[in-house]
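With mmCIF, C-alpha atoms inside, this is model-v7.cif:
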data_start
#
loop_
_atom_site.label_atom_id
_atom_site.label_comp_id
_atom_site.auth_asym_id
_atom_site.auth_seq_id
_atom_site.Cartn_x
_atom_site.Cartn_y
_atom_site.Cartn_z
CA MET N 1 7.99 -4.25 5.20
CA LYS N 2 7.58 -7.16 2.82
CA ALA N 3 4.51 -9.34 3.05
CA SER N 4 5.58 -12.96 3.38
CA LYS N 5 3.38 -15.91 2.47
CA GLY N 6 0.86 -16.61 5.23
CA SER N 7 1.61 -13.37 7.10
CA PRO N 8 -1.21 -11.31 8.66
CA LEU N 9 -0.16 -8.38 6.46
CA LEU N 10 -0.55 -10.46 3.30
CA GLU N 11 -3.96 -11.70 4.44
CA LYS N 12 -5.11 -8.12 5.06
CA VAL N 13 -3.75 -6.93 1.70
CA LYS N 14 -5.67 -9.69 -0.09
CA GLN N 15 -8.80 -7.80 0.89
CA ARG N 16 -7.71 -4.26 -0.01
CA GLY N 17 -4.66 -2.04 0.35
CA ASP N 18 -4.58 1.00 2.63
CA LEU N 19 -2.42 3.80 1.23
CA TYR N 20 -2.73 5.74 4.47
CA ALA N 21 -1.13 2.92 6.49
CA ALA N 22 2.61 3.51 6.71
CA MET N 23 3.53 -0.17 6.40
CA CYS N 24 1.10 -1.14 3.63
CA PRO N 25 2.82 -2.44 0.47
CA SER N 26 0.42 -0.31 -1.58
CA ARG N 27 2.76 2.61 -0.89
CA GLY N 28 5.49 0.97 -2.95
CA VAL N 29 3.07 0.32 -5.78
CA LEU N 30 1.94 3.95 -5.63
CA GLU N 31 5.56 5.07 -5.83
CA HIS N 32 6.28 2.90 -8.87
CA VAL N 33 3.11 3.85 -10.75
CA THR N 34 3.22 7.59 -10.02
CA SER N 35 6.93 8.25 -10.31
CA GLN N 36 7.87 10.53 -13.18
CA TRP N 37 9.41 7.69 -15.17
CA GLY N 38 6.78 5.13 -14.17
CA VAL N 39 4.00 7.33 -15.50
CA LEU N 40 5.77 7.98 -18.79
CA VAL N 41 6.68 4.32 -19.35
CA LEU N 42 3.14 3.13 -18.63
CA VAL N 43 1.62 5.71 -20.98
CA ALA N 44 4.17 5.01 -23.74
CA LEU N 45 3.47 1.29 -23.59
CA LYS N 46 -0.29 1.89 -23.53
CA GLU N 47 -0.27 4.29 -26.47
CA GLU N 48 2.12 2.43 -28.75
CA GLY N 49 2.27 -1.16 -27.53
CA THR N 50 5.43 -3.26 -27.39
CA HIS N 51 8.74 -1.41 -27.18
CA ARG N 52 12.36 -2.39 -27.05
CA PHE N 53 14.49 -0.79 -24.34
CA SER N 54 16.17 1.64 -26.75
CA GLU N 55 12.80 2.68 -28.21
CA LEU N 56 11.44 3.45 -24.76
CA ARG N 57 14.56 5.42 -23.92
CA ARG N 58 14.12 7.56 -27.02
CA LYS N 59 10.36 7.98 -26.40
CA VAL N 60 10.77 8.99 -22.74
CA GLY N 61 12.99 12.03 -23.16
CA GLY N 62 15.47 12.73 -20.38
CA VAL N 63 15.45 9.31 -18.70
CA SER N 64 18.85 7.75 -18.08
CA GLU N 65 19.54 4.15 -18.99
CA LYS N 66 19.87 3.30 -15.30
CA MET N 67 16.57 4.94 -14.29
CA LEU N 68 14.70 3.33 -17.18
CA ALA N 69 16.07 -0.10 -16.25
CA GLN N 70 15.09 0.41 -12.58
CA THR N 71 11.63 1.66 -13.54
CA LEU N 72 10.98 -1.26 -15.88
CA GLN N 73 12.20 -3.72 -13.26
CA ALA N 74 9.90 -2.24 -10.58
CA LEU N 75 6.90 -2.24 -12.93
CA GLU N 76 7.69 -5.82 -13.93
CA GLN N 77 7.91 -6.92 -10.28
CA ASP N 78 4.53 -5.30 -9.59
CA GLY N 79 3.02 -7.23 -12.50
CA PHE N 80 2.39 -4.24 -14.77
CA VAL N 81 5.03 -4.91 -17.42
CA HIS N 82 5.98 -8.12 -19.19
CA ARG N 83 9.62 -8.48 -20.25
CA GLU N 84 10.40 -10.90 -23.06
CA ALA N 85 14.05 -11.62 -23.84
CA HIS N 86 14.68 -13.15 -27.26
CA PRO N 87 17.66 -15.54 -27.54
CA VAL N 88 19.47 -13.66 -30.29
CA ILE N 89 22.71 -11.75 -30.64
CA PRO N 90 22.70 -8.83 -30.06
CA PRO N 91 20.19 -9.21 -27.20
CA HIS N 92 16.62 -8.23 -28.04
CA VAL N 93 14.18 -7.54 -25.20
CA ASP N 94 10.58 -6.45 -25.65
CA TYR N 95 8.42 -4.75 -23.03
CA THR N 96 4.62 -4.82 -23.07
CA LEU N 97 1.86 -4.08 -20.59
CA THR N 98 0.21 -6.99 -18.83
CA PRO N 99 -3.58 -6.94 -18.38
CA LEU N 100 -2.98 -5.44 -14.91
CA GLY N 101 -0.65 -2.87 -16.51
CA GLU N 102 -3.27 -1.99 -19.11
CA GLU N 103 -5.74 -1.39 -16.30
CA VAL N 104 -3.51 0.96 -14.30
CA ALA N 105 -2.25 2.70 -17.46
CA VAL N 106 -5.80 3.83 -18.28
CA HIS N 107 -5.91 5.76 -14.99
CA VAL N 108 -2.39 7.15 -15.35
CA GLU N 109 -3.08 8.21 -18.93
CA ALA N 110 -6.19 10.11 -17.78
CA LEU N 111 -3.99 12.06 -15.38
CA THR N 112 -1.37 12.85 -18.05
CA THR N 113 -4.10 13.96 -20.46
CA TRP N 114 -5.56 16.26 -17.82
CA ILE N 115 -2.11 17.73 -17.12
CA GLU N 116 -1.40 18.36 -20.81
CA ASP N 117 -4.86 19.82 -21.43
CA ASN N 118 -4.73 22.11 -18.39
CA LEU N 119 -1.07 23.14 -18.51
CA PRO N 120 -1.88 26.73 -19.61
CA ARG N 121 -4.17 27.16 -16.57
CA VAL N 122 -1.52 25.74 -14.24
CA MET N 123 1.19 27.98 -15.68
CA THR N 124 -1.10 31.02 -15.28
CA ALA N 125 -1.76 30.06 -11.66
CA ARG N 126 1.97 29.78 -11.06
CA THR N 127 2.57 33.30 -12.32
CA LYS N 128 -0.18 34.65 -10.05
CA ALA N 129 0.94 32.78 -6.92
CA PRO N 130 2.71 34.99 -4.39
CA ALA N 131 6.46 34.44 -4.21
CA ARG N 132 7.51 32.66 -1.03
CA LYS N 133 10.70 33.50 0.78
CA LYS N 134 13.05 30.57 1.23
CA ALA N 135 13.92 29.73 4.81
CA SER N 136 17.58 30.38 5.50
#
Would you give me this structure, written as structure tokens?
Amino acid sequence: MKASKGSPLLEKVKQRGDLYAAMCPSRGVLEHVTSQWGVLVLVALKEEGTHRFSELRRKVGGVSEKMLAQTLQALEQDGFVHREAHPVIPPHVDYTLTPLGEEVAVHVEALTTWIEDNLPRVMTARTKAPARKKAS
């Protein structure tokens, strides 16, 4: 559900989002920020600043051109990424974090750092976890 100007939903969201509410737009933001590609794009832009599309694609290993474009578009619509197209041939587009993007990237980066630092513990836990039978 999209919040239109002057709607009760928009007025409520101006106060604070509610991720537990099924219709709250915060769910879409959560999806964009915490998706595999969203996390990696936010952290790449935070760590190394402005990137061109092709640079981001090389940095974020495994992302397809289509998924990167969709991720950047979603993050731009949410106000986290600024896209600047330069009027040159061939086209040159730069992506940078906005102040709001910088703010959310700090939190996302903390999560990625924790994951990288604790990966050995997680992998050990996986090997010790009992195997589950798949339902057939």
What's the separation between CA of Glu65 (chain N) and CA of Leu45 (chain N), in Å to one decimal place?
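Straight-line distance from CA of Glu65 (chain N) to CA of Leu45 (chain N) works out to 17.0 Å.
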Find, counting only C-alpha atoms, the residue in N:Thr71, N:Ser64, N:Thr96, N:Gln15 that gets nearest to Arg52 (chain N).
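Closest candidate: N:Thr96.
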Which is closest to Arg83 (chain N) among N:Ala129, N:Ile115, N:Ala69, N:Ala44, if we use only C-alpha atoms?
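Among N:Ala129, N:Ile115, N:Ala69, N:Ala44, it is N:Ala69 that comes nearest to Arg83 (chain N).
Minimum atom-to-atom distance to Ala105 (chain N), evaluated using all atoms listed in the file, belongs to N:Phe80 out of N:Phe80, N:Leu68, N:Ala135, N:Tyr20.
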Contacts of region 40-43 of chain N at 8 Å or less, counting only C-alpha atoms, minus same-chain residues fewer than 4 places along, as number ranges by chain?
N: 33, 36, 47, 56, 60, 72, 97, 101, 105, 108-109
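Between CA of Leu100 (chain N) and CA of Phe53 (chain N) lies a distance of 20.4 Å.
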Nearest residue to Glu55 (chain N) from the set N:Val93, N:Ala22, N:Ala85, N:Leu30 (distances using only C-alpha atoms)
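For Glu55 (chain N), the nearest of the given residues is N:Val93.
Compared by their closest atoms to Ala74 (chain N), and using all atoms listed in the file, the residues N:Ile89, N:Leu111, N:Val29, N:Val104 rank with N:Val29 nearest.
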Counting all atoms listed in the file, which residue out of N:Arg57, N:Glu31, N:His51, N:Glu116 sits closest to Glu84 (chain N)?
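Ranked by minimum distance to Glu84 (chain N), first place goes to N:His51.
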Work out where the centre of an axis-aligned box around every listed atom of region 79-85 of chain N lies and how long its edges are once 4 Å is added on each side; give both in Å to one decimal as JSON.
{"center_x": 8.2, "center_y": -7.9, "center_z": -18.2, "size_x": 19.7, "size_y": 15.4, "size_z": 19.3}
Excluding same-chain residues fewer than 6 positions from Leu75 (chain N), what lies within 8 Å of it counting all atoms listed in the file, as a PyMOL selection string?
chain N and resi 32-33+38+81
Take the residues from that selection and put them in a file with C-alpha atoms, as a PDB file, keeping the file's coordinate frame.
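Contents of the output file out.pdb:
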ATOM      1  CA  HIS N  32       6.280   2.900  -8.870  1.00  0.00           C
ATOM      2  CA  VAL N  33       3.110   3.850 -10.750  1.00  0.00           C
ATOM      3  CA  GLY N  38       6.780   5.130 -14.170  1.00  0.00           C
ATOM      4  CA  VAL N  81       5.030  -4.910 -17.420  1.00  0.00           C
TER       5      VAL N  81
END
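With CA of Met23 (chain N) on one side and CA of Val106 (chain N) on the other, the separation reads 26.7 Å.
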Long-range neighbours of Arg27 (chain N) as a list in words, 9 Å cut-off, only C-alpha atoms, 6 positions minimum in chain:
Gly17, Asp18, Leu19, Tyr20 and Ala21 of chain N
